[in-house]
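Enquirer: Can you keep this structure in mind? I'll have questions shortly.
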Amino acid sequence: MKALFTSLLLLLLAGCSTGLRIDRDHVSANQDNRIQFVVLHYTNASLERSLALLTHGEVSSHYLIGDGPATVYQLVDESRRAWHAGDSQWDGRTWLNSTSIGIEIVNPGFTDTPQGRVWHPYSEAQIQSLIALLKDIVKRNGIQPRYIVGHSDIAPLRKQDPGPLFPWKRLADAGLGVWPNANAVAQQQAWFASNPPSIVWYQQQLARFGYAVSQTGELDEATRHVLAAFQMRFRPQRFDGQPDAQTAAMLQVLNRMR
């Protein structure tokens with residue numbers, strides 16, 4: 001009798017411990033994917049050093065693309081937050097670690113020489129691996145092409161990666177980014193050459209595109225950094241942070257595409 005009572009008590013306790021019932025029949029329409037951005041970086045280090053830093057250092061990323069061969073390493077599950085963006089902002093959203101997937105690409109970045117700064121190119125194999133990886137990530141997460149950005153876009157005052165040799169147009173041609181139409185830019189450039197816009201206009205257009213820029217009306221250091229980041233991405237031949245007709249034309253065309 002005592003044994004029977006004990007068994008019944010254990011069954012009752014087991015039922016209590018698993019008694020939570022969740023009704024999942026009512027799904028809210030007011031939701032979207034937590035992952036909204038992909039942020040691209042170069043490592044400024046060798047593959048061996050990059051793996052060490054990204055797995056045992058203070059920073060991390062979801063993926064790393066090696067060099068020779070361009071192996072794709074997954075270092076952090078996409079459901080978890082990686083520490084790759086830092087103090088960042090894009091399109092009004094801040095601290096993008098929580099809402100982004102970070103991809104690091106093994107690349108030295110740049111070398112300063114007596115003749116000036118020399119930037120290092122990405123290999124064809126790396127770009128092919130990146131495009132394949134991005135297509136998979138974008139498809140699974142429903143990420144908008146304009147939300148594939150560089151570290152220099154989301155933190156222009158302190159970062160320059162993935163640098164001026166990164167092939168943004170090639171990504172855009174693959175549906176993995178945005179790029180201004182050349183004919184539309186030429187038409188707008190001719191108009192802006194005779195009608196240069198104010199600094200306030202540049203700051204408004206840069207903010208509309210996604211950059212964090214204070215609306216000071218002055219060509220201050222912060223505004224020059226943001227202009228340089230935009231130019232480095234869309235006109236890598238010259239990214240001096242100075243306003244000009246071509247920069248204005250590209251900004252206007254891109255914002256009209258939105």
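Each chain in the structure tokens gets a letter, A, B and so on, in the order shown; residues start at 1 in every chain, and ligands are counted from 1 in the order they appear.
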Excluding region 117-122 of chain A and its own-chain neighbours fewer than 5 positions away, which residues fall within 10 Å of it when counting only C-alpha atoms? Please give them as number ranges by chain.

Expert: A: 42, 44, 67, 105-112, 127, 162-167

Enquirer: For Leu133 (chain A), find every residue with an atom within 12 Å (counting only C-alpha atoms), except residues of its own chain fewer than 6 positions away, and show them as a PyMOL selection string.

Expert: chain A and resi 38+40+62-65+70-74+101-105+126-127+139-140+171+176

Enquirer: Identify, on the basis of only C-alpha atoms, every residue whose closest approach to Val185 (chain A) does not exceed 7 Å; exclude the query and any residue fewer than 4 positions from it along the same chain; express the result as number ranges by chain.

Expert: A: 180-181, 189, 249-250, 253

Enquirer: Go ahead and save the picked residues with N, CA and C atoms, as a tab-separated table (two decimals), in the first residue's frame.

Expert:
chain	number	residue	atom	x	y	z
A	180	PRO	N	24.15	52.76	-58.08
A	180	PRO	CA	23.45	53.79	-58.87
A	180	PRO	C	23.61	53.56	-60.37
A	181	ASN	N	22.54	53.85	-61.11
A	181	ASN	CA	22.58	53.74	-62.56
A	181	ASN	C	23.52	54.81	-63.12
A	189	GLN	N	24.71	64.64	-62.37
A	189	GLN	CA	26.01	65.28	-62.13
A	189	GLN	C	26.13	66.58	-62.91
A	249	ALA	N	25.30	63.51	-57.13
A	249	ALA	CA	24.48	62.78	-58.10
A	249	ALA	C	24.26	61.33	-57.66
A	250	MET	N	25.31	60.66	-57.18
A	250	MET	CA	25.16	59.28	-56.73
A	250	MET	C	24.21	59.19	-55.54
A	253	VAL	N	20.57	59.69	-56.83
A	253	VAL	CA	20.08	58.54	-57.59
A	253	VAL	C	19.80	57.35	-56.68

Enquirer: Quick one: pick out all strand (DSSP E or B) residues within region 79-219 of chain A from a backbone DSSP run and write them as a list of chain:residue names.

Expert: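 So the strand (DSSP E or B) residues in region 79-219 of chain A would be A:Gln89, A:Trp90, A:Arg93, A:Thr94, A:Ser100, A:Ile101, A:Gly102, A:Ile103, A:Glu104, A:Ile105, A:Phe110, A:Thr111, A:Asp112, A:Thr113, A:Gly116, A:Arg117, A:Val118, A:Trp119, A:Ile148, A:Val149, A:Gly150.
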
Enquirer: Compare A:Phe192, A:Asn183, A:Gln231, A:Gly66 by their minimum atom-to-atom distance to Gln128 (chain A), counting only C-alpha atoms, and give me the closest one.

Expert: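 Of all the options, A:Gly66 lies closest to Gln128 (chain A).
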
Enquirer: Could you give me, as a PyMOL selection string, the residues within 10 Å of Gly142 (chain A), counting only C-alpha atoms and dropping anything in the same chain fewer than 4 positions from it?

Expert: chain A and resi 32-33+35-37+136-138

Enquirer: Can you work out which one of A:Ser100, A:Thr216, A:Asp244, A:Gly175 has the shortest atom-to-atom distance to Asp77 (chain A), counting only C-alpha atoms?

Expert: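 Smallest distance to Asp77 (chain A) is found for A:Ser100.
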
Enquirer: Hey, can you check how far CA of Trp191 (chain A) sits from CA of Arg256 (chain A)?

Expert: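 Separation of CA of Trp191 (chain A) and CA of Arg256 (chain A): 15.8 Å.
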
Enquirer: Of the candidates A:Gln246, A:Ser152, A:Ser129, A:Gln252, which shows the shortest atom-to-atom distance to Ala212 (chain A), using only C-alpha atoms?

Expert: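 Closest residue, counting only C-alpha atoms: A:Ser152.
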
Enquirer: Rank A:Gly116, A:Gly150, A:Pro236, A:Gly57 by their smallest atom-to-atom distance to Trp90 (chain A), using only C-alpha atoms, and report the top residue only.

Expert: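 The closest residue to Trp90 (chain A) is A:Gly150.
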
Enquirer: One decimal, Å: what's the distance from CA of Phe209 (chain A) over to CA of His84 (chain A), could you say?

Expert: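 These two atoms are separated by 22.1 Å.
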
Enquirer: Can you list, as a PyMOL selection string, every protein, DNA or RNA residue that comes within 10 Å of Trp95 (chain A) when you count only C-alpha atoms, leaving out same-chain residues fewer than 5 positions away?

Expert: chain A and resi 85-90+100+154

Enquirer: Deliver the residues from the most recent selection as a file, using all heavy atoms, as a compact mmCIF listing (two decimals), in the first residue's frame.

Expert:
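So out-v8.txt came out as:
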# COMPACT_ATOMS: atom_id res chain seq x y z
N ALA A 85 30.43 44.30 -34.70
CA ALA A 85 30.03 45.62 -35.18
C ALA A 85 30.44 46.75 -34.23
O ALA A 85 30.77 47.84 -34.67
CB ALA A 85 28.52 45.67 -35.41
N GLY A 86 30.39 46.49 -32.94
CA GLY A 86 30.73 47.53 -31.96
C GLY A 86 29.74 48.68 -31.98
O GLY A 86 28.56 48.51 -32.31
N ASP A 87 30.22 49.85 -31.63
CA ASP A 87 29.39 51.05 -31.63
C ASP A 87 29.05 51.37 -33.08
O ASP A 87 29.90 51.80 -33.86
CB ASP A 87 30.16 52.21 -30.98
CG ASP A 87 29.29 53.46 -30.82
OD1 ASP A 87 28.12 53.43 -31.23
OD2 ASP A 87 29.82 54.47 -30.32
N SER A 88 27.80 51.17 -33.47
CA SER A 88 27.44 51.21 -34.88
C SER A 88 26.01 51.71 -35.05
O SER A 88 25.20 51.66 -34.13
CB SER A 88 27.57 49.80 -35.48
OG SER A 88 26.86 48.85 -34.69
N GLN A 89 25.73 52.16 -36.27
CA GLN A 89 24.38 52.63 -36.58
C GLN A 89 24.15 52.58 -38.08
O GLN A 89 25.04 52.92 -38.86
CB GLN A 89 24.17 54.07 -36.07
CG GLN A 89 22.75 54.59 -36.29
CD GLN A 89 22.51 55.92 -35.60
OE1 GLN A 89 23.15 56.24 -34.60
NE2 GLN A 89 21.59 56.71 -36.11
N TRP A 90 22.94 52.15 -38.45
CA TRP A 90 22.56 52.18 -39.85
C TRP A 90 21.04 52.32 -39.95
O TRP A 90 20.30 51.59 -39.30
CB TRP A 90 23.02 50.92 -40.59
CG TRP A 90 22.79 51.00 -42.07
CD1 TRP A 90 21.84 50.37 -42.82
CD2 TRP A 90 23.53 51.80 -43.00
NE1 TRP A 90 21.94 50.72 -44.14
CE2 TRP A 90 22.97 51.61 -44.28
CE3 TRP A 90 24.61 52.68 -42.86
CZ2 TRP A 90 23.46 52.24 -45.41
CZ3 TRP A 90 25.09 53.32 -43.99
CH2 TRP A 90 24.53 53.09 -45.25
N SER A 100 22.44 41.67 -36.65
CA SER A 100 23.22 41.46 -37.87
C SER A 100 23.99 40.16 -37.84
O SER A 100 24.23 39.57 -36.80
CB SER A 100 24.21 42.62 -38.08
OG SER A 100 25.19 42.62 -37.06
N ILE A 154 28.68 51.52 -41.17
CA ILE A 154 27.98 51.59 -39.88
C ILE A 154 28.83 52.24 -38.79
O ILE A 154 28.31 52.58 -37.73
CB ILE A 154 27.54 50.19 -39.42
CG1 ILE A 154 28.74 49.28 -39.16
CG2 ILE A 154 26.61 49.56 -40.46
CD1 ILE A 154 28.39 47.95 -38.53

Enquirer: Would you compute the distance between CA of Gly217 (chain A) and CA of Trp201 (chain A)? Give it in Å to one decimal.

Expert: 8.3 Å
